[in-house]
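Data file: upload-v4.txt. Format and content: compact mmCIF, C-alpha atoms.
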# COMPACT_ATOMS: atom_id res chain seq x y z
CA MET I 1 -27.27 10.09 39.22
CA LYS I 2 -25.04 12.36 41.29
CA LYS I 3 -24.73 9.63 43.93
CA ILE I 4 -23.56 7.14 41.31
CA ILE I 5 -20.97 9.58 39.92
CA CYS I 6 -19.72 10.34 43.45
CA LEU I 7 -19.54 6.63 44.23
CA VAL I 8 -17.60 5.90 41.03
CA LEU I 9 -15.19 8.78 41.69
CA ALA I 10 -14.69 7.65 45.29
CA LEU I 11 -13.99 4.10 44.08
CA ILE I 12 -11.47 5.35 41.49
CA MET I 13 -9.72 7.44 44.16
CA ALA I 14 -9.60 4.48 46.58
CA VAL I 15 -8.13 2.17 43.93
CA GLY I 16 -5.62 4.85 42.99
CA ALA I 17 -4.56 5.30 46.62
CA LEU I 18 -4.16 1.53 47.04
CA SER I 19 -2.04 1.37 43.90
CA VAL I 20 0.26 4.13 45.12
CA THR I 21 0.59 2.46 48.52
CA ALA I 22 1.24 -0.93 46.98
CA PHE I 23 4.01 0.41 44.79
CA ALA I 24 5.54 2.83 47.31
CA ASN I 25 7.95 0.16 48.56
CA VAL I 26 8.93 -1.10 45.12
CA TYR I 27 12.58 -0.32 44.57
CA VAL I 28 13.82 0.94 41.22
CA LYS I 29 17.53 1.08 40.40
CA PRO I 30 18.74 4.23 38.60
CA SER I 31 19.36 3.44 34.95
CA ASP I 32 23.02 4.45 35.07
CA ALA I 33 23.89 2.40 38.19
CA VAL I 34 25.97 -0.78 38.09
CA TRP I 35 25.14 -4.03 39.90
CA PHE I 36 27.67 -5.38 42.38
CA ASP I 37 26.63 -8.91 41.55
CA LYS I 38 25.32 -9.13 38.00
CA ASP I 39 23.85 -12.61 38.59
CA ASN I 40 21.86 -11.92 41.75
CA LYS I 41 21.20 -8.23 41.08
CA THR I 42 20.71 -7.36 44.73
CA THR I 43 22.85 -4.29 45.37
CA TRP I 44 24.18 -1.58 43.06
CA TRP I 45 26.46 1.43 42.98
CA MET I 46 26.45 4.69 41.05
CA PHE I 47 29.26 7.25 41.01
CA ASP I 48 29.05 10.91 40.04
CA ASP I 49 32.54 11.82 38.79
CA ASP I 50 31.90 15.57 38.92
CA GLU I 51 30.83 15.56 42.57
CA GLY I 52 32.87 12.62 43.91
CA TYR I 53 29.53 11.23 45.12
CA LEU I 54 28.99 7.48 45.47
CA THR I 55 25.46 6.13 45.98
CA LEU I 56 24.91 2.56 47.16
CA GLY I 57 21.49 0.93 47.01
CA GLY I 58 19.45 -2.18 46.52
CA LYS I 59 18.68 -4.91 49.02
CA GLY I 60 21.44 -6.87 50.68
CA GLU I 61 25.15 -6.65 51.31
CA ILE I 62 27.84 -4.42 49.87
CA PRO I 63 30.75 -6.79 49.05
CA GLU I 64 33.61 -7.31 51.48
CA SER I 65 36.25 -6.77 48.84
CA PRO I 66 37.46 -3.19 49.08
CA TYR I 67 37.73 -2.90 45.32
CA ALA I 68 34.78 -4.98 44.12
CA TRP I 69 32.84 -1.86 43.24
CA GLN I 70 35.77 0.39 42.47
CA SER I 71 36.64 -0.95 39.04
CA LYS I 72 40.24 -1.81 39.88
CA GLU I 73 40.75 1.18 42.15
CA LYS I 74 39.54 3.68 39.55
CA TYR I 75 37.35 5.51 42.04
CA ARG I 76 39.24 4.83 45.27
CA LYS I 77 40.86 8.28 45.42
CA GLU I 78 37.93 10.14 43.85
CA ILE I 79 35.20 9.25 46.35
CA GLU I 80 34.42 12.19 48.65
CA THR I 81 30.87 11.46 49.78
CA VAL I 82 28.94 8.20 50.17
CA GLU I 83 25.17 7.81 50.42
CA ILE I 84 23.79 4.46 51.54
CA LYS I 85 20.15 3.87 50.62
CA ASN I 86 17.64 1.96 52.72
CA GLY I 87 17.72 -1.72 51.78
CA VAL I 88 21.48 -2.14 52.16
CA THR I 89 21.96 -4.52 55.11
CA LYS I 90 25.73 -4.76 55.44
CA ILE I 91 28.85 -2.83 54.49
CA GLY I 92 31.56 -5.40 53.96
CA LYS I 93 34.97 -5.65 55.54
CA LYS I 94 37.31 -2.95 54.16
CA ALA I 95 34.64 -1.81 51.69
CA PHE I 96 35.95 1.77 51.78
CA ALA I 97 39.49 1.08 52.92
CA ASP I 98 42.00 3.65 51.69
CA CYS I 99 39.39 5.93 50.14
CA VAL I 100 41.62 8.79 51.22
CA ASN I 101 39.30 11.61 50.11
CA LEU I 102 36.13 10.14 51.65
CA THR I 103 35.06 12.80 54.16
CA VAL I 104 31.26 12.46 54.45
CA ILE I 105 28.65 9.73 54.85
CA GLU I 106 25.51 11.45 53.57
CA GLU I 107 22.31 11.26 55.63
CA ASP I 108 21.85 8.80 58.50
CA PHE I 109 22.76 5.18 58.04
CA PRO I 110 19.58 3.46 56.83
CA ALA I 111 17.42 1.45 59.23
CA SER I 112 18.12 -1.64 57.12
CA LEU I 113 21.88 -1.50 57.86
CA THR I 114 22.63 -4.06 60.56
CA GLU I 115 26.37 -4.61 60.17
CA ILE I 116 29.48 -2.65 59.28
CA GLY I 117 32.47 -4.88 58.59
CA GLU I 118 35.84 -4.60 60.23
CA SER I 119 37.96 -1.70 58.94
CA ALA I 120 35.19 -0.69 56.53
CA PHE I 121 36.39 2.92 56.55
CA ALA I 122 40.06 2.43 57.48
CA GLY I 123 42.38 4.89 55.79
CA SER I 124 39.56 7.24 54.78
CA SER I 125 39.38 10.89 55.78
CA LEU I 126 35.97 10.75 57.40
CA ASN I 127 35.44 13.80 59.53
CA ARG I 128 31.70 13.43 59.98
CA LEU I 129 29.33 10.54 59.55
CA PHE I 130 26.11 12.45 59.01
CA VAL I 131 25.16 15.58 57.16
Would you put the structure from the file into structure tokens?
Amino acid sequence: MKKIICLVLALIMAVGALSVTAFANVYVKPSDAVWFDKDNKTTWWMFDDDEGYLTLGGKGEIPESPYAWQSKEKYRKEIETVEIKNGVTKIGKKAFADCVNLTVIEEDFPASLTEIGESAFAGSSLNRLFV
């Protein structure tokens, strides 16, 4: 009987470990983030007004328009720190142009990032790329 109980417990643990592994790479967008492209829902942004902290995530490209995610320049002067999550493959041309208070890119650029567009950070106040 003990062998059967041990076998059942071992099987439950193995299935549980497989489930965790299978879902470890599933990406979940924070509930208060906004999609760049509402139709394709590939990349998103989330801004913390109190901290001046912009988080970019999802899978794919951040738009090339410098104001596509800035709600008509609302956040352009408020962004101080940007974090780019793994899954983002490209930062578009002039994506952070004239973000005059942007001083920090948080963490390393993700492994998924393969391209940074021309003048992506032009006019910013970046003084360090990694924290």
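When atom CA of Pro63 of chain I is paired with atom CA of Phe36 of chain I, their separation reads 7.5 Å.
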Q) Pick from I:Thr43, I:Thr89, I:Thr81, I:Thr114: nearest to Leu126 of chain I, with all atoms listed in the file counted? A)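 Ranked by minimum distance to Leu126 of chain I, first place goes to I:Thr81.
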**Q.** Straight-line distance linking atom CA of Val88 of chain I with atom CA of Gly57 of chain I, stated in Å to one decimal
**A.**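 Answer for the atom CA of Val88 of chain I to atom CA of Gly57 of chain I separation: 6.0 Å.
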For the point (29.9, 6.5, 38.4) in file coordinates, what residues are within 9 Å, counting only C-alpha atoms? Give the answer as a PDB file with C-alpha atoms, keeping the file's coordinate frame?
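See out32.pdb below for the written result:
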ATOM      1  CA  ASP I  32      23.020   4.450  35.070  1.00  0.00           C
ATOM      2  CA  ALA I  33      23.890   2.400  38.190  1.00  0.00           C
ATOM      3  CA  VAL I  34      25.970  -0.780  38.090  1.00  0.00           C
ATOM      4  CA  TRP I  45      26.460   1.430  42.980  1.00  0.00           C
ATOM      5  CA  MET I  46      26.450   4.690  41.050  1.00  0.00           C
ATOM      6  CA  PHE I  47      29.260   7.250  41.010  1.00  0.00           C
ATOM      7  CA  ASP I  48      29.050  10.910  40.040  1.00  0.00           C
ATOM      8  CA  ASP I  49      32.540  11.820  38.790  1.00  0.00           C
ATOM      9  CA  GLY I  52      32.870  12.620  43.910  1.00  0.00           C
ATOM     10  CA  TYR I  53      29.530  11.230  45.120  1.00  0.00           C
ATOM     11  CA  LEU I  54      28.990   7.480  45.470  1.00  0.00           C
ATOM     12  CA  THR I  55      25.460   6.130  45.980  1.00  0.00           C
ATOM     13  CA  TYR I  75      37.350   5.510  42.040  1.00  0.00           C
TER      14      TYR I  75
END
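Protein and nucleic acid residues near (39.0, 14.7, 48.7) are Gly52, Lys77, Glu78, Ile79, Glu80, Thr81, Cys99, Val100, Asn101, Leu102, Thr103, Val104, Ser124 and Ser125 of chain I, the criterion being any atom at most 10 Å away using all atoms listed in the file.
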Could you dump the residues just selected with C-alpha atoms as a CSV table (one decimal), keeping the file's coordinate frame?
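Contents of selection28.csv, as written:
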chain,number,residue,atom,x,y,z
I,52,GLY,CA,32.9,12.6,43.9
I,77,LYS,CA,40.9,8.3,45.4
I,78,GLU,CA,37.9,10.1,43.8
I,79,ILE,CA,35.2,9.2,46.4
I,80,GLU,CA,34.4,12.2,48.6
I,81,THR,CA,30.9,11.5,49.8
I,99,CYS,CA,39.4,5.9,50.1
I,100,VAL,CA,41.6,8.8,51.2
I,101,ASN,CA,39.3,11.6,50.1
I,102,LEU,CA,36.1,10.1,51.6
I,103,THR,CA,35.1,12.8,54.2
I,104,VAL,CA,31.3,12.5,54.4
I,124,SER,CA,39.6,7.2,54.8
I,125,SER,CA,39.4,10.9,55.8
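Here atom CA of Ser119 of chain I and atom CA of Ala95 of chain I stand 8.0 Å from one another.
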Q. Which one is closest to Gly87 of chain I: I:Lys59, I:Thr42, I:Glu118, I:Ser31? Count only C-alpha atoms.
A.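 Selected residue with least distance to Gly87 of chain I: I:Lys59.
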